[in-house]
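Novice: model_32.pdb is the file, holding PDB, C-alpha atoms and all ligand atoms:
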```
ATOM      1  CA  MET X   1       9.335  14.363 125.284  1.00  0.00           C
ATOM      2  CA  SER X   2      11.992  16.203 123.350  1.00  0.00           C
ATOM      3  CA  GLU X   3      11.307  17.391 119.834  1.00  0.00           C
ATOM      4  CA  PHE X   4      14.056  15.300 118.320  1.00  0.00           C
ATOM      5  CA  GLU X   5      15.015  11.705 118.816  1.00  0.00           C
ATOM      6  CA  HIS X   6      18.155  11.160 120.815  1.00  0.00           C
ATOM      7  CA  MET X   7      21.140   9.854 118.964  1.00  0.00           C
ATOM      8  CA  SER X   8      22.222   6.318 119.836  1.00  0.00           C
ATOM      9  CA  CYS X   9      25.784   5.514 120.893  1.00  0.00           C
ATOM     10  CA  ARG X  10      26.239   3.676 117.628  1.00  0.00           C
ATOM     11  CA  GLU X  11      25.135   6.701 115.628  1.00  0.00           C
ATOM     12  CA  LEU X  12      27.510   8.907 117.582  1.00  0.00           C
ATOM     13  CA  VAL X  13      30.435   6.598 116.840  1.00  0.00           C
ATOM     14  CA  GLU X  14      29.513   6.615 113.158  1.00  0.00           C
ATOM     15  CA  THR X  15      29.435  10.408 112.966  1.00  0.00           C
ATOM     16  CA  ILE X  16      32.382  11.215 115.244  1.00  0.00           C
ATOM     17  CA  THR X  17      34.820  11.706 112.366  1.00  0.00           C
ATOM     18  CA  GLU X  18      32.526  14.241 110.740  1.00  0.00           C
ATOM     19  CA  TYR X  19      32.093  15.921 114.124  1.00  0.00           C
ATOM     20  CA  LEU X  20      35.849  16.253 114.610  1.00  0.00           C
ATOM     21  CA  GLU X  21      36.257  17.570 111.059  1.00  0.00           C
ATOM     22  CA  GLY X  22      33.464  20.068 111.693  1.00  0.00           C
ATOM     23  CA  SER X  23      31.466  18.737 108.756  1.00  0.00           C
ATOM     24  CA  LEU X  24      28.516  17.395 110.739  1.00  0.00           C
ATOM     25  CA  PRO X  25      25.204  18.954 109.620  1.00  0.00           C
ATOM     26  CA  ARG X  26      23.603  21.335 112.141  1.00  0.00           C
ATOM     27  CA  ALA X  27      20.707  18.982 112.969  1.00  0.00           C
ATOM     28  CA  ASP X  28      23.049  16.080 113.677  1.00  0.00           C
ATOM     29  CA  LEU X  29      25.370  18.350 115.633  1.00  0.00           C
ATOM     30  CA  ASP X  30      22.559  19.205 118.066  1.00  0.00           C
ATOM     31  CA  ARG X  31      21.737  15.532 118.549  1.00  0.00           C
ATOM     32  CA  PHE X  32      25.421  14.664 118.881  1.00  0.00           C
ATOM     33  CA  GLU X  33      25.999  17.238 121.596  1.00  0.00           C
ATOM     34  CA  SER X  34      22.837  16.426 123.511  1.00  0.00           C
ATOM     35  CA  HIS X  35      23.854  12.763 123.485  1.00  0.00           C
ATOM     36  CA  LEU X  36      27.202  13.732 124.995  1.00  0.00           C
ATOM     37  CA  GLN X  37      25.377  15.445 127.847  1.00  0.00           C
ATOM     38  CA  ILE X  38      23.578  12.258 128.822  1.00  0.00           C
ATOM     39  CA  CYS X  39      26.234   9.653 128.017  1.00  0.00           C
ATOM     40  CA  ASP X  40      29.510   9.390 129.958  1.00  0.00           C
ATOM     41  CA  GLY X  41      30.727   6.572 127.715  1.00  0.00           C
ATOM     42  CA  CYS X  42      30.541   8.683 124.569  1.00  0.00           C
ATOM     43  CA  ARG X  43      32.099  11.714 126.297  1.00  0.00           C
ATOM     44  CA  HIS X  44      35.022   9.480 127.208  1.00  0.00           C
ATOM     45  CA  TYR X  45      35.148   8.070 123.678  1.00  0.00           C
ATOM     46  CA  LEU X  46      35.170  11.566 122.184  1.00  0.00           C
ATOM     47  CA  SER X  47      38.035  12.710 124.403  1.00  0.00           C
ATOM     48  CA  GLN X  48      40.010   9.603 123.404  1.00  0.00           C
ATOM     49  CA  MET X  49      39.353  10.346 119.741  1.00  0.00           C
ATOM     50  CA  LYS X  50      40.519  13.931 120.176  1.00  0.00           C
ATOM     51  CA  THR X  51      43.727  12.687 121.820  1.00  0.00           C
ATOM     52  CA  THR X  52      44.272  10.202 119.000  1.00  0.00           C
ATOM     53  CA  VAL X  53      43.736  12.834 116.313  1.00  0.00           C
ATOM     54  CA  ALA X  54      46.135  15.214 118.086  1.00  0.00           C
ATOM     55  CA  ALA X  55      48.721  12.431 118.413  1.00  0.00           C
ATOM     56  CA  LEU X  56      48.437  11.609 114.706  1.00  0.00           C
ATOM     57  CA  ARG X  57      48.894  15.262 113.810  1.00  0.00           C
ATOM     58  CA  SER X  58      52.032  15.609 115.934  1.00  0.00           C
ATOM     59  CA  LEU X  59      53.341  12.355 114.451  1.00  0.00           C
ATOM     60  CA  CYS X  60      53.054  13.890 110.983  1.00  0.00           C
ATOM     61  CA  ASP X  61      54.876  17.002 112.212  1.00  0.00           C
ATOM     62  CA  ASP X  62      57.669  14.843 113.608  1.00  0.00           C
ATOM     63  CA  ARG X  63      58.054  13.067 110.293  1.00  0.00           C
ATOM     64  CA  LEU X  64      58.311  16.367 108.496  1.00  0.00           C
ATOM     65  CA  GLN X  65      60.942  17.593 110.902  1.00  0.00           C
ATOM     66  CA  ALA X  66      62.855  14.309 110.561  1.00  0.00           C
ATOM     67  CA  ALA X  67      62.870  14.712 106.784  1.00  0.00           C
ATOM     68  CA  GLN X  68      64.192  18.244 107.077  1.00  0.00           C
ATOM     69  CA  ARG X  69      66.856  17.084 109.519  1.00  0.00           C
ATOM     70  CA  ASP X  70      67.967  14.317 107.141  1.00  0.00           C
ATOM     71  CA  GLU X  71      68.310  16.878 104.395  1.00  0.00           C
ATOM     72  CA  LEU X  72      70.523  19.037 106.612  1.00  0.00           C
ATOM     73  CA  VAL X  73      72.634  16.012 107.596  1.00  0.00           C
ATOM     74  CA  ASN X  74      73.112  15.136 103.923  1.00  0.00           C
ATOM     75  CA  LEU X  75      74.074  18.703 103.174  1.00  0.00           C
ATOM     76  CA  PHE X  76      76.605  18.661 105.999  1.00  0.00           C
ATOM     77  CA  HIS X  77      78.137  15.361 104.869  1.00  0.00           C
ATOM     78  CA  GLY X  78      78.388  16.627 101.329  1.00  0.00           C
ATOM     79  CA  TRP X  79      80.165  19.748 102.525  1.00  0.00           C
ATOM     80  CA  LYS X  80      82.632  17.683 104.602  1.00  0.00           C
ATOM     81  CA  ARG X  81      83.508  15.428 101.657  1.00  0.00           C
ATOM     82  CA  GLY X  82      83.795  18.291  99.233  1.00  0.00           C
TER      83      GLY X  82
HETATM   84 ZN    ZN K 101      26.555   7.142 124.116  1.00  0.00          ZN
END
```
Could you take the file, read its structure, and then write that structure out as structure tokens?
Specialist:
Amino acid sequence: MSEFEHMSCRELVETITEYLEGSLPRADLDRFESHLQICDGCRHYLSQMKTTVAALRSLCDDRLQAAQRDELVNLFHGWKRG
């Protein structure tokens, strides 16, 4: 019998955001990671979450670049008219 209770899948799902942000308390982190070792479903879920978070981040970057590009286009049009 292990000295701590294993985390349930439901608990893992509820704490996954904190885990990805790195704000999960040490005790929960141990339980989170030991659950991953025994549960293929949650390992898969975690890798999907990581992909989603990465996709959201790159989406934000794209928006920023698009805004900068629009500014340059406006600048160019202004120069042409002037
Ligand atoms: Zn699980």
Novice: Can you pull out every residue with an atom within 7 Å of ligand ZN 101 (chain K)? Use all atoms listed in the file and format it as a tab-separated table (two decimals) with C-alpha atoms, keeping the file's coordinate frame.
Specialist:
```
chain	number	residue	atom	x	y	z
X	8	SER	CA	22.22	6.32	119.84
X	9	CYS	CA	25.78	5.51	120.89
X	12	LEU	CA	27.51	8.91	117.58
X	35	HIS	CA	23.85	12.76	123.48
X	36	LEU	CA	27.20	13.73	125.00
X	39	CYS	CA	26.23	9.65	128.02
X	40	ASP	CA	29.51	9.39	129.96
X	41	GLY	CA	30.73	6.57	127.72
X	42	CYS	CA	30.54	8.68	124.57
```
Novice: CA of Ala66 in chain X and CA of Thr52 in chain X, how far apart in Å?
Specialist: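 According to the coordinates, CA of Thr52 in chain X and CA of Ala66 in chain X are separated by 20.8 Å.
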Novice: Rounded to one decimal in Å, what is the spacing between CA of His44 in chain X and CA of Leu56 in chain X?
Specialist: 18.5 Å
Novice: When the PyMOL selection byres (((chain X and resi 14-29) around 12) and not hetatm) is applied to the file above, which residues end up in the set, as a PDB file with C-alpha atoms, in the coordinates of the input?
Specialist:
```pdb
ATOM      1  CA  GLU X   3      11.307  17.391 119.834  1.00  0.00           C
ATOM      2  CA  PHE X   4      14.056  15.300 118.320  1.00  0.00           C
ATOM      3  CA  GLU X   5      15.015  11.705 118.816  1.00  0.00           C
ATOM      4  CA  HIS X   6      18.155  11.160 120.815  1.00  0.00           C
ATOM      5  CA  MET X   7      21.140   9.854 118.964  1.00  0.00           C
ATOM      6  CA  SER X   8      22.222   6.318 119.836  1.00  0.00           C
ATOM      7  CA  CYS X   9      25.784   5.514 120.893  1.00  0.00           C
ATOM      8  CA  ARG X  10      26.239   3.676 117.628  1.00  0.00           C
ATOM      9  CA  GLU X  11      25.135   6.701 115.628  1.00  0.00           C
ATOM     10  CA  LEU X  12      27.510   8.907 117.582  1.00  0.00           C
ATOM     11  CA  VAL X  13      30.435   6.598 116.840  1.00  0.00           C
ATOM     12  CA  ASP X  30      22.559  19.205 118.066  1.00  0.00           C
ATOM     13  CA  ARG X  31      21.737  15.532 118.549  1.00  0.00           C
ATOM     14  CA  PHE X  32      25.421  14.664 118.881  1.00  0.00           C
ATOM     15  CA  GLU X  33      25.999  17.238 121.596  1.00  0.00           C
ATOM     16  CA  SER X  34      22.837  16.426 123.511  1.00  0.00           C
ATOM     17  CA  HIS X  35      23.854  12.763 123.485  1.00  0.00           C
ATOM     18  CA  LEU X  36      27.202  13.732 124.995  1.00  0.00           C
ATOM     19  CA  CYS X  42      30.541   8.683 124.569  1.00  0.00           C
ATOM     20  CA  ARG X  43      32.099  11.714 126.297  1.00  0.00           C
ATOM     21  CA  TYR X  45      35.148   8.070 123.678  1.00  0.00           C
ATOM     22  CA  LEU X  46      35.170  11.566 122.184  1.00  0.00           C
ATOM     23  CA  SER X  47      38.035  12.710 124.403  1.00  0.00           C
ATOM     24  CA  GLN X  48      40.010   9.603 123.404  1.00  0.00           C
ATOM     25  CA  MET X  49      39.353  10.346 119.741  1.00  0.00           C
ATOM     26  CA  LYS X  50      40.519  13.931 120.176  1.00  0.00           C
ATOM     27  CA  THR X  51      43.727  12.687 121.820  1.00  0.00           C
ATOM     28  CA  THR X  52      44.272  10.202 119.000  1.00  0.00           C
ATOM     29  CA  VAL X  53      43.736  12.834 116.313  1.00  0.00           C
ATOM     30  CA  ALA X  54      46.135  15.214 118.086  1.00  0.00           C
TER      31      ALA X  54
END
```
Novice: Using CA of Ala55 in chain X and CA of Gln37 in chain X as the two end points, give the distance in Å to one decimal.
Specialist: 25.4 Å
Novice: Padding of 8 Å on every side, edges along x, y and z, all listed atoms of range 22-29 of chain X included: what centre and edge lengths in Å, to one decimal, does that box have, as AutoDock Vina command-line options?
Specialist:
```
--center_x 27.1 --center_y 18.7 --center_z 112.2 --size_x 28.8 --size_y 21.3 --size_z 22.9
```
